[in-house]
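Undergrad: Next comes the structure file entry_33.tsv, holding TSV, C-alpha atoms and all ligand atoms.
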chain	number	residue	atom	x	y	z
A	312	MET	CA	-32.69	-22.30	-7.67
A	313	LYS	CA	-36.25	-22.90	-6.58
A	314	VAL	CA	-37.37	-24.96	-3.59
A	315	ASP	CA	-41.08	-25.67	-3.62
A	316	GLY	CA	-41.58	-22.77	-6.02
A	317	LYS	CA	-39.60	-20.23	-3.96
A	318	ALA	CA	-36.29	-18.89	-5.33
A	319	TYR	CA	-33.36	-19.34	-2.94
A	320	ARG	CA	-29.69	-18.65	-2.85
A	321	THR	CA	-27.62	-20.62	-0.34
A	322	ILE	CA	-26.61	-17.47	1.55
A	323	TRP	CA	-28.21	-14.03	1.82
A	324	PRO	CA	-28.03	-10.99	4.12
A	325	ASP	CA	-30.83	-9.97	6.45
A	326	THR	CA	-32.66	-6.87	5.25
A	327	ASP	CA	-31.88	-5.03	8.52
A	328	GLY	CA	-28.12	-5.56	8.16
A	329	GLU	CA	-27.89	-7.51	11.42
A	330	ALA	CA	-27.30	-11.05	10.24
A	331	VAL	CA	-26.76	-13.46	7.36
A	332	HIS	CA	-28.96	-16.45	6.53
A	333	ILE	CA	-27.74	-19.86	5.37
A	334	LEU	CA	-29.31	-23.26	4.75
A	335	ASP	CA	-28.20	-25.82	7.35
A	336	GLN	CA	-26.77	-28.49	5.05
A	337	THR	CA	-26.10	-30.92	7.92
A	338	LEU	CA	-29.88	-31.52	8.04
A	339	PHE	CA	-30.32	-32.32	4.34
A	340	PRO	CA	-32.14	-34.10	2.82
A	341	HIS	CA	-34.33	-34.79	5.84
A	342	ARG	CA	-35.02	-31.20	6.91
A	343	PHE	CA	-34.89	-27.83	5.14
A	344	GLU	CA	-33.98	-25.20	7.72
A	345	THR	CA	-32.32	-21.83	7.60
A	346	VAL	CA	-29.90	-20.60	10.25
A	347	GLN	CA	-28.91	-17.02	11.14
A	348	LEU	CA	-25.24	-16.09	11.48
A	349	ARG	CA	-24.78	-13.01	13.69
A	350	THR	CA	-21.07	-13.07	14.53
A	351	VAL	CA	-17.77	-13.99	12.92
A	352	GLU	CA	-17.67	-16.98	15.28
A	353	ASP	CA	-21.07	-18.15	13.94
A	354	ALA	CA	-19.67	-17.95	10.40
A	355	ALA	CA	-16.46	-19.80	11.33
A	356	ARG	CA	-18.43	-22.60	13.01
A	357	ALA	CA	-20.83	-22.84	10.06
A	358	ILE	CA	-17.83	-23.52	7.81
A	359	SER	CA	-15.92	-25.92	10.06
A	360	ASP	CA	-19.04	-27.88	11.11
A	361	MET	CA	-20.11	-28.00	7.44
A	362	LEU	CA	-23.48	-26.27	7.77
A	363	VAL	CA	-22.11	-24.68	4.61
A	364	ARG	CA	-19.59	-26.43	2.42
A	365	GLY	CA	-18.32	-26.53	-1.15
A	366	ALA	CA	-15.45	-24.29	-2.21
A	367	PRO	CA	-17.38	-21.28	-3.60
A	368	LEU	CA	-19.89	-21.21	-0.74
A	369	ILE	CA	-17.09	-21.46	1.83
A	370	GLY	CA	-15.58	-18.33	0.22
A	371	ALA	CA	-18.92	-16.51	0.20
A	372	THR	CA	-19.57	-17.38	3.86
A	373	ALA	CA	-16.10	-16.21	4.84
A	374	SER	CA	-16.74	-12.86	3.15
A	375	TYR	CA	-19.90	-12.40	5.21
A	376	GLY	CA	-17.96	-13.60	8.27
A	377	MET	CA	-15.57	-10.66	7.77
A	378	THR	CA	-18.62	-8.41	7.44
A	379	LEU	CA	-20.13	-9.63	10.72
A	380	ALA	CA	-16.75	-9.05	12.39
A	381	MET	CA	-16.70	-5.44	11.11
A	382	ARG	CA	-20.23	-4.93	12.42
A	383	ALA	CA	-19.00	-5.66	15.95
A	384	ASP	CA	-15.57	-4.00	15.78
A	385	ALA	CA	-14.05	-2.36	12.71
A	386	SER	CA	-10.53	-1.93	14.11
A	387	ASP	CA	-7.37	-3.16	12.34
A	388	ALA	CA	-6.87	-5.75	15.09
A	389	ALA	CA	-10.42	-7.10	14.64
A	390	LEU	CA	-9.89	-7.30	10.88
A	391	SER	CA	-6.74	-9.39	11.33
A	392	ALA	CA	-8.36	-11.59	13.99
A	393	ALA	CA	-11.39	-12.27	11.78
A	394	TYR	CA	-9.13	-13.16	8.84
A	395	ASP	CA	-7.15	-15.61	10.98
A	396	ARG	CA	-10.21	-17.20	12.62
A	397	LEU	CA	-11.98	-17.78	9.30
A	398	HIS	CA	-8.82	-18.92	7.52
A	399	ALA	CA	-8.30	-21.64	10.14
A	400	THR	CA	-11.70	-23.27	9.48
A	401	ARG	CA	-10.95	-25.57	6.54
A	402	PRO	CA	-7.58	-26.01	4.82
A	403	THR	CA	-8.22	-27.32	1.30
A	404	ALA	CA	-10.66	-25.08	-0.62
A	405	ILE	CA	-8.65	-22.12	-1.95
A	406	ASN	CA	-11.75	-19.92	-2.39
A	407	LEU	CA	-11.57	-19.35	1.37
A	408	ARG	CA	-8.21	-17.57	1.19
A	409	TRP	CA	-9.22	-15.88	-2.07
A	410	ALA	CA	-12.35	-14.35	-0.49
A	411	LEU	CA	-10.55	-13.33	2.70
A	412	ASP	CA	-7.71	-11.68	0.75
A	413	ARG	CA	-10.22	-9.81	-1.37
A	414	MET	CA	-12.19	-8.58	1.66
A	415	GLU	CA	-9.00	-7.53	3.44
A	416	ALA	CA	-7.70	-5.66	0.37
A	417	VAL	CA	-10.96	-3.71	0.14
A	418	LEU	CA	-11.40	-3.04	3.87
A	419	ARG	CA	-7.88	-2.24	5.10
A	420	PRO	CA	-7.59	1.14	3.25
A	421	VAL	CA	-11.14	2.24	4.23
A	422	PRO	CA	-11.60	4.45	7.36
A	423	GLN	CA	-12.88	2.36	10.28
A	424	GLY	CA	-16.23	4.17	10.35
A	425	ASP	CA	-16.97	3.07	6.79
A	426	ARG	CA	-15.67	-0.49	6.97
A	427	CYS	CA	-18.93	-2.17	7.90
A	428	THR	CA	-20.83	-0.64	4.96
A	429	ALA	CA	-17.94	-1.45	2.61
A	430	ALA	CA	-17.88	-5.05	3.87
A	431	TRP	CA	-21.61	-5.63	3.26
A	432	ALA	CA	-21.21	-4.29	-0.28
A	433	GLU	CA	-18.11	-6.36	-1.11
A	434	ALA	CA	-19.58	-9.60	0.28
A	435	ALA	CA	-22.71	-9.03	-1.81
A	436	ARG	CA	-20.50	-8.44	-4.88
A	437	ILE	CA	-18.63	-11.71	-4.25
A	438	CYS	CA	-21.95	-13.57	-4.09
A	439	ASP	CA	-23.40	-11.90	-7.21
A	440	GLU	CA	-20.20	-12.65	-9.11
A	441	ASP	CA	-20.33	-16.30	-8.05
A	442	VAL	CA	-23.83	-16.59	-9.50
A	443	ALA	CA	-22.77	-14.98	-12.80
A	444	ILE	CA	-19.60	-17.12	-13.00
A	445	ASN	CA	-21.51	-20.35	-12.45
A	446	SER	CA	-24.11	-19.42	-15.02
A	447	ALA	CA	-21.31	-18.86	-17.54
A	448	ILE	CA	-19.75	-22.22	-16.60
A	449	GLY	CA	-23.17	-23.69	-17.32
A	450	ASP	CA	-23.29	-22.11	-20.79
A	451	ASN	CA	-19.78	-23.33	-21.63
A	452	GLY	CA	-20.47	-26.85	-20.38
A	453	LEU	CA	-23.83	-26.92	-22.17
A	454	ALA	CA	-22.01	-26.77	-25.52
A	455	ILE	CA	-20.10	-29.97	-24.62
A	456	ILE	CA	-23.26	-31.80	-23.56
A	457	ARG	CA	-25.02	-30.63	-26.71
A	458	ASP	CA	-22.20	-32.13	-28.85
A	459	ILE	CA	-22.39	-35.46	-27.05
A	460	ALA	CA	-26.18	-35.52	-27.42
A	461	ALA	CA	-25.83	-34.83	-31.16
A	462	LYS	CA	-23.30	-37.67	-31.52
A	463	LYS	CA	-25.77	-39.96	-29.76
A	464	GLY	CA	-28.50	-38.93	-32.19
A	465	GLY	CA	-30.41	-37.13	-29.45
A	466	GLY	CA	-30.13	-40.05	-27.01
A	467	THR	CA	-29.84	-39.42	-23.28
A	468	VAL	CA	-26.47	-38.11	-22.14
A	469	ASN	CA	-25.31	-40.00	-19.05
A	470	ILE	CA	-23.16	-37.85	-16.78
A	471	LEU	CA	-21.36	-39.10	-13.68
A	472	THR	CA	-20.59	-36.71	-10.84
A	473	HIS	CA	-18.88	-37.08	-7.47
A	474	CYS	CA	-19.68	-35.25	-4.23
A	475	ASN	CA	-21.82	-32.13	-4.45
A	476	ALA	CA	-20.55	-29.42	-6.76
A	477	GLY	CA	-24.10	-28.25	-7.16
A	478	TRP	CA	-26.25	-25.30	-6.28
A	479	LEU	CA	-25.72	-26.10	-2.59
A	480	ALA	CA	-21.92	-25.85	-2.90
A	481	THR	CA	-22.07	-22.38	-4.45
A	482	VAL	CA	-24.29	-19.31	-4.12
A	483	ASP	CA	-26.45	-20.51	-7.03
A	484	TRP	CA	-26.33	-22.86	-10.08
A	485	GLY	CA	-23.39	-24.98	-8.89
A	486	THR	CA	-20.28	-25.63	-10.95
A	487	ALA	CA	-20.48	-29.26	-12.11
A	488	THR	CA	-24.28	-29.11	-12.12
A	489	ALA	CA	-24.65	-25.80	-13.97
A	490	PRO	CA	-24.16	-27.42	-17.42
A	491	VAL	CA	-26.55	-30.20	-16.37
A	492	TYR	CA	-29.28	-27.74	-15.33
A	493	LYS	CA	-28.80	-25.71	-18.51
A	494	ALA	CA	-28.94	-28.86	-20.69
A	495	HIS	CA	-32.05	-30.12	-18.92
A	496	ASP	CA	-33.72	-26.71	-19.24
A	497	ALA	CA	-32.79	-26.63	-22.95
A	498	GLY	CA	-34.62	-29.91	-23.50
A	499	ILE	CA	-31.52	-32.10	-23.96
A	500	PRO	CA	-32.18	-35.46	-22.31
A	501	VAL	CA	-29.67	-35.92	-19.48
A	502	HIS	CA	-29.34	-38.47	-16.70
A	503	VAL	CA	-26.89	-38.12	-13.81
A	504	TRP	CA	-25.11	-40.97	-12.01
A	505	VAL	CA	-24.68	-39.57	-8.49
A	506	ASP	CA	-21.84	-41.08	-6.42
A	507	GLU	CA	-23.09	-41.32	-2.85
A	508	THR	CA	-19.71	-39.90	-1.69
A	509	ARG	CA	-18.91	-41.51	1.61
A	510	PRO	CA	-18.27	-40.64	4.32
A	511	ARG	CA	-20.52	-37.55	4.47
A	512	ASN	CA	-22.71	-38.57	1.56
A	513	GLN	CA	-22.81	-35.20	-0.19
A	514	GLY	CA	-23.90	-37.02	-3.36
A	515	ALA	CA	-26.72	-39.03	-1.80
A	516	PHE	CA	-27.85	-36.28	0.57
A	517	LEU	CA	-27.29	-33.08	-1.42
A	518	THR	CA	-26.76	-33.69	-5.16
A	519	ALA	CA	-29.65	-36.15	-5.39
A	520	TRP	CA	-31.87	-33.74	-3.45
A	521	GLU	CA	-31.18	-30.71	-5.62
A	522	LEU	CA	-31.34	-32.60	-8.94
A	523	GLY	CA	-34.64	-34.07	-7.82
A	524	ARG	CA	-36.05	-30.66	-6.90
A	525	HIS	CA	-35.15	-29.41	-10.37
A	526	GLY	CA	-36.63	-32.50	-12.04
A	527	VAL	CA	-33.34	-33.82	-13.47
A	528	PRO	CA	-33.37	-37.63	-13.90
A	529	HIS	CA	-30.67	-39.17	-11.70
A	530	THR	CA	-29.64	-42.40	-10.01
A	531	VAL	CA	-27.57	-42.69	-6.82
A	532	ILE	CA	-24.78	-45.27	-6.97
A	533	VAL	CA	-22.21	-46.49	-4.46
A	534	ASP	CA	-18.82	-44.91	-4.85
A	535	ASN	CA	-17.34	-48.08	-6.33
A	536	ALA	CA	-19.85	-48.49	-9.18
A	537	GLY	CA	-18.48	-45.87	-11.59
A	538	GLY	CA	-15.75	-48.02	-13.17
A	539	HIS	CA	-18.18	-50.83	-13.90
A	540	LEU	CA	-20.69	-48.45	-15.51
A	541	MET	CA	-17.94	-46.94	-17.66
A	542	GLN	CA	-16.82	-50.41	-18.85
A	543	HIS	CA	-20.37	-51.03	-20.01
A	544	GLY	CA	-20.79	-47.79	-21.97
A	545	GLN	CA	-23.20	-46.29	-19.47
A	546	VAL	CA	-21.26	-43.09	-18.79
A	547	ASP	CA	-20.80	-40.51	-21.58
A	548	MET	CA	-18.87	-38.00	-19.52
A	549	VAL	CA	-17.76	-37.20	-15.99
A	550	ILE	CA	-18.12	-33.68	-14.57
A	551	VAL	CA	-16.79	-32.90	-11.10
A	552	GLY	CA	-16.06	-29.73	-9.16
A	553	THR	CA	-12.82	-28.80	-7.46
A	554	ASP	CA	-11.64	-27.26	-4.22
A	555	ARG	CA	-8.34	-26.13	-5.65
A	556	THR	CA	-6.75	-26.42	-9.09
A	557	THR	CA	-3.04	-25.82	-9.45
A	558	ALA	CA	-1.13	-23.69	-11.95
A	559	ARG	CA	-0.33	-26.81	-13.98
A	560	GLY	CA	-3.88	-28.21	-13.87
A	561	ASP	CA	-3.80	-30.77	-11.03
A	562	VAL	CA	-7.26	-30.92	-9.51
A	563	CYS	CA	-7.97	-31.37	-5.80
A	564	ASN	CA	-11.51	-32.51	-5.06
A	565	LYS	CA	-13.50	-34.71	-2.70
A	566	ILE	CA	-11.83	-38.03	-1.83
A	567	GLY	CA	-12.54	-40.63	-4.53
A	568	THR	CA	-12.39	-38.21	-7.47
A	569	TYR	CA	-8.96	-39.53	-8.50
A	570	LEU	CA	-10.25	-43.11	-8.81
A	571	LYS	CA	-13.05	-41.91	-11.11
A	572	ALA	CA	-10.52	-40.12	-13.29
A	573	LEU	CA	-8.40	-43.28	-13.56
A	574	ALA	CA	-11.42	-45.36	-14.54
A	575	ALA	CA	-12.51	-42.69	-17.03
A	576	GLN	CA	-9.13	-42.68	-18.73
A	577	ASP	CA	-9.01	-46.48	-18.94
A	578	ASN	CA	-12.41	-46.46	-20.63
A	579	GLY	CA	-12.02	-43.44	-22.92
A	580	VAL	CA	-14.68	-41.47	-21.03
A	581	PRO	CA	-14.05	-37.69	-21.04
A	582	PHE	CA	-13.34	-36.34	-17.56
A	583	TYR	CA	-14.24	-32.66	-17.14
A	584	VAL	CA	-13.69	-30.40	-14.14
A	585	ALA	CA	-16.00	-27.38	-13.78
A	586	LEU	CA	-14.51	-24.46	-11.87
A	587	PRO	CA	-14.75	-20.75	-11.25
A	588	THR	CA	-11.34	-19.17	-11.87
A	589	PRO	CA	-11.07	-18.09	-8.17
A	590	THR	CA	-10.62	-21.83	-7.46
A	591	ILE	CA	-7.26	-21.76	-9.24
A	592	ASP	CA	-4.28	-21.45	-6.91
A	593	HIS	CA	-1.61	-19.96	-9.15
A	594	ARG	CA	0.90	-20.25	-6.28
A	595	VAL	CA	1.03	-24.05	-6.30
A	596	SER	CA	1.94	-26.41	-9.12
A	597	ASP	CA	2.29	-30.02	-7.90
A	598	GLY	CA	-1.06	-30.73	-6.26
A	599	VAL	CA	-0.07	-34.00	-4.60
A	600	ALA	CA	2.99	-32.47	-2.94
A	601	GLU	CA	1.68	-29.00	-2.15
A	602	ILE	CA	-2.05	-28.97	-1.36
A	603	PRO	CA	-2.96	-29.48	2.32
A	604	ILE	CA	-5.53	-32.28	2.55
A	605	GLU	CA	-8.09	-31.90	5.30
A	606	ASP	CA	-8.04	-34.80	7.73
A	607	ARG	CA	-11.53	-35.00	9.23
A	608	SER	CA	-12.74	-37.02	12.19
A	609	GLY	CA	-12.88	-40.81	11.86
A	610	ASP	CA	-16.36	-40.59	13.38
A	611	GLU	CA	-17.61	-39.49	9.94
A	612	VAL	CA	-16.55	-42.96	8.68
A	613	ARG	CA	-17.79	-44.82	11.75
A	614	PHE	CA	-21.29	-43.36	11.92
A	615	ILE	CA	-23.93	-43.00	9.24
A	616	SER	CA	-27.22	-41.18	9.61
A	617	GLY	CA	-30.56	-41.67	7.90
A	618	ARG	CA	-34.31	-41.44	8.18
A	619	SER	CA	-35.96	-43.84	10.57
A	620	GLY	CA	-39.67	-43.60	11.10
A	621	ASP	CA	-40.40	-39.93	11.76
A	622	GLY	CA	-36.90	-39.04	12.88
A	623	VAL	CA	-33.25	-39.16	11.85
A	624	THR	CA	-30.97	-41.76	13.44
A	625	SER	CA	-27.24	-42.24	13.47
A	626	VAL	CA	-25.80	-45.76	13.63
A	627	ASP	CA	-22.32	-47.12	14.33
A	628	LEU	CA	-21.00	-49.26	11.42
A	629	LEU	CA	-17.68	-50.51	12.76
A	630	PRO	CA	-16.56	-53.20	15.16
A	631	PRO	CA	-15.59	-51.71	18.53
A	632	GLY	CA	-11.89	-50.98	18.54
A	633	SER	CA	-11.41	-50.60	14.74
A	634	ALA	CA	-9.69	-47.36	13.82
A	635	ALA	CA	-11.17	-45.12	11.09
A	636	ALA	CA	-9.19	-42.66	8.95
A	637	ASN	CA	-10.80	-39.85	6.98
A	638	PRO	CA	-8.62	-37.99	4.44
A	639	SER	CA	-11.24	-35.77	2.81
A	640	PHE	CA	-9.77	-34.79	-0.55
A	641	ASP	CA	-7.48	-36.24	-3.20
A	642	VAL	CA	-5.59	-34.88	-6.18
A	643	THR	CA	-6.24	-35.87	-9.79
A	644	PRO	CA	-3.14	-35.17	-11.89
A	645	ALA	CA	-3.66	-32.86	-14.89
A	646	ARG	CA	-2.86	-35.71	-17.31
A	647	LEU	CA	-6.18	-37.39	-16.42
A	648	VAL	CA	-8.29	-34.26	-17.01
A	649	THR	CA	-9.86	-33.85	-20.46
A	650	ALA	CA	-10.53	-30.13	-19.98
A	651	LEU	CA	-11.44	-27.46	-17.43
A	652	ILE	CA	-14.85	-25.83	-17.87
A	653	THR	CA	-14.46	-22.26	-16.56
A	654	GLU	CA	-16.53	-19.10	-16.85
A	655	LYS	CA	-13.93	-17.83	-19.33
A	656	GLY	CA	-14.15	-20.86	-21.61
A	657	VAL	CA	-13.25	-24.55	-21.84
A	658	VAL	CA	-9.47	-24.91	-21.60
A	659	PRO	CA	-6.97	-27.79	-21.41
A	660	ALA	CA	-5.49	-28.57	-17.99
A	661	THR	CA	-2.07	-27.16	-18.90
A	662	ALA	CA	0.14	-24.46	-17.39
A	663	GLU	CA	-0.09	-22.28	-20.54
A	664	ALA	CA	-3.90	-22.36	-20.73
A	665	ILE	CA	-4.30	-21.78	-16.98
A	666	SER	CA	-1.88	-18.87	-16.96
A	667	ALA	CA	-3.92	-17.22	-19.74
A	668	LEU	CA	-6.99	-17.26	-17.42
A	669	LYS	CA	-5.36	-14.83	-14.95
B	1	LIG	O1	-16.08	-31.30	1.98
B	1	LIG	P1	-16.97	-30.53	1.04
B	1	LIG	O2	-18.39	-30.98	1.06
B	1	LIG	O3	-16.83	-29.03	1.23
B	1	LIG	O4	-16.37	-30.86	-0.39
B	1	LIG	C1	-16.92	-30.27	-1.54
B	1	LIG	C2	-16.34	-30.74	-2.80
B	1	LIG	O5	-15.43	-31.53	-2.85
B	1	LIG	C3	-16.88	-30.10	-4.03
B	1	LIG	O6	-16.94	-31.01	-5.08
B	1	LIG	C4	-15.97	-28.92	-4.38
B	1	LIG	O7	-15.90	-28.03	-3.30
B	1	LIG	C5	-16.46	-28.18	-5.55
B	1	LIG	S1	-17.85	-27.23	-5.12
B	1	LIG	C6	-18.43	-26.36	-6.41
The structure in this file should be written as structure tokens.
TA:
Amino acid sequence: MKVDGKAYRTIWPDTDGEAVHILDQTLFPHRFETVQLRTVEDAARAISDMLVRGAPLIGATASYGMTLAMRADASDAALSAAYDRLHATRPTAINLRWALDRMEAVLRPVPQGDRCTAAWAEAARICDEDVAINSAIGDNGLAIIRDIAAKKGGGTVNILTHCNAGWLATVDWGTATAPVYKAHDAGIPVHVWVDETRPRNQGAFLTAWELGRHGVPHTVIVDNAGGHLMQHGQVDMVIVGTDRTTARGDVCNKIGTYLKALAAQDNGVPFYVALPTPTIDHRVSDGVAEIPIEDRSGDEVRFISGRSGDGVTSVDLLPPGSAAANPSFDVTPARLVTALITEKGVVPATAEAISALK
């Protein structure tokens, strides 16, 4: 996507093969800065400190993390250590393990002297594939938005989204936002309700920023407003991303997604999940019982940051002594999902349909 007229991906290798560049998402929307990753430790910290985040981008960063490890030491022991270090960064998004497994499967059989070159090539392939996958998700989701627009006689299609499953969460396009960008570019009038997504405000900070840069009309709402808007006919569809979707179609995504799905069902609003097929974990079935939910620091609930004058300030919201808990993801059962929008087509959230995507 373009920022001030310049085309960017969210991650790209240095031309001299020494480092990888990312956008520091902890500074958004107040500052736009790139950061260089030079070691596997840099990549691991970028993931755990959320300089990069979003399931597909976590996978892409991990693949370059393996590459940076091979640049320093291409031994079998270093390969295993890099896998373990990167795998330990965040527990919920399955794209992390998917990317690491893929890198390991490519690198392990290669002679040590060739591993670094092979790693750069495979990481670049993972990124290019992510872009193509998300573009295809956009085309498949566009057909749904087009139908809704036709039923509304060409009226604006109001889409609610939660968290950031946008360009910034992937290498390019986004998952949930890809159909929105394609619809907007095709001249279909769309408007996005953006959940602010406490505690880290990925909606307010990231989704609003990228939609605004692309010129997509949008309105930021508090996380509790969605049900009310649905009751009053102001939401035509929900599209969210996912960090892991199970073999039977349960969807794990940013905390609060489940409540939106419940409200959508109660109000007859279609609830779509946009996902690249590498986000499917065919090894797990019951999402509530089996998916590890990341428990992040309570400080993310306690403190909130924002612009103040020329700088950025963080303020403490809670009374001294109050505890804060921060489960970061929840699971929406398959029965609440209207359909999955994948790069291979729009399919029901059922075991049969998901198995056919393998
Ligand atoms: O904690 P985050 O910011 O990594 O959570 C991101 C989300 O929940 C996204 O919606 C999900 O990864 C899908 S990204 C295309």
Undergrad: Show me which residues line ligand LIG 1 (chain B), defined as having an atom within 9 Å of a ligand atom where all atoms listed in the file count, and present them as number ranges by chain.
TA: A: 358, 361, 363-369, 401, 403-404, 472-481, 485-488, 511-513, 551-555, 563-566, 568, 585-587, 590, 605, 639-640
Undergrad: So how many Å separate atom CA of A:Thr467 and atom CA of A:Arg646, to one decimal?
TA: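 Between atom CA of A:Thr467 and atom CA of A:Arg646 the gap is 27.9 Å.
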Undergrad: If you count all atoms listed in the file, which residues fall within 10 Å of A:Leu390, apart from same-chain ones fewer than 2 positions away, as a list in words?
TA: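 Residues near the query, excluding close chain neighbours: Met377, Thr378, Ala380, Met381, Asp384, Ala385, Ser386, Asp387, Ala388, Ala392, Ala393, Tyr394, Asp395, Met414, Glu415, Leu418, Arg419 and Arg426 of chain A.
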Undergrad: What is the distance, in Å and to one decimal place, between atom CA of A:Leu517 and atom CA of A:Pro603?
TA: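 It comes out at 24.9 Å.
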Undergrad: Within 7 Å of A:Asp606, counting all atoms listed in the file, which residues show up once you throw out same-chain ones fewer than 2 positions away? Write them as a compact mmCIF listing (two decimals) with C-alpha atoms, in the coordinates of the input, please.
TA:
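And here is the file that came out, selection-v6.txt:
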# COMPACT_ATOMS: atom_id res chain seq x y z
CA ILE A 604 -5.53 -32.28 2.55
CA SER A 608 -12.74 -37.02 12.19
CA ASN A 637 -10.80 -39.85 6.98
CA PRO A 638 -8.62 -37.99 4.44
CA SER A 639 -11.24 -35.77 2.81
Undergrad: Which residue is closest to A:Ala443? Choose from A:Ala515, A:Ala489, A:Pro528, A:Ile550 and count all atoms listed in the file.
TA: A:Ala489
Undergrad: Pick from A:Thr350, A:Asn469, A:Asn445, A:Gln545: nearest to A:Val527, with only C-alpha atoms counted?
TA: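 Ranking A:Thr350, A:Asn469, A:Asn445, A:Gln545 by distance to A:Val527, first place goes to A:Asn469.
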Undergrad: Please report the interatomic distance between atom CA of A:Glu352 and atom CA of A:Gly609 in Å with one decimal.
TA: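 These atoms are spaced 24.5 Å apart.
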Undergrad: So, counting all atoms listed in the file, which residue among A:Phe343, A:Tyr375, A:Trp520, A:Trp484 is closest to A:Ile444?
TA: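 Result for the nearest residue to A:Ile444: A:Trp484.
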Undergrad: Considering only C-alpha atoms, return as a list in words whatever protein or nucleic-acid residues lie within 12 Å of A:Pro340, sequence-local ones (same chain, fewer than 5 positions apart) excluded.
TA: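 Residues near the query, excluding close chain neighbours: Leu334, Asp335, Leu479, Asn512, Gln513, Gly514, Ala515, Phe516, Leu517, Thr518, Ala519, Trp520, Glu521, Leu522, Gly523, Arg524, Ser616, Gly617, Arg618 and Val623 of chain A.
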Undergrad: Could you check the closest approach to A:Leu338 for each of A:Gln423, A:Ile499, A:Arg356, A:Gly622 and tell me which residue wins, using all atoms listed in the file?
TA: A:Gly622
Undergrad: Find the residues around A:Ala354 up to 9 Å (all atoms listed in the file counted), leave out those fewer than 6 positions away in its own chain, and share them as a list in words.
TA: Val331, Leu348, Thr372, Ala373, Tyr375, Gly376, Met377, Leu379 and Leu397 of chain A
Undergrad: Residues near A:Ala494, anyone? I mean within 10 Å using all atoms listed in the file, not counting same-chain ones fewer than 4 positions away, as a list in words.
TA: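 Result of the neighbour search: Gly449, Asp450, Gly452, Leu453, Ala454, Ile455, Ile456, Arg457, Ala460, Val468, Thr488, Ala489, Pro490, Gly498, Ile499, Pro500, Val501 and Val527 of chain A.
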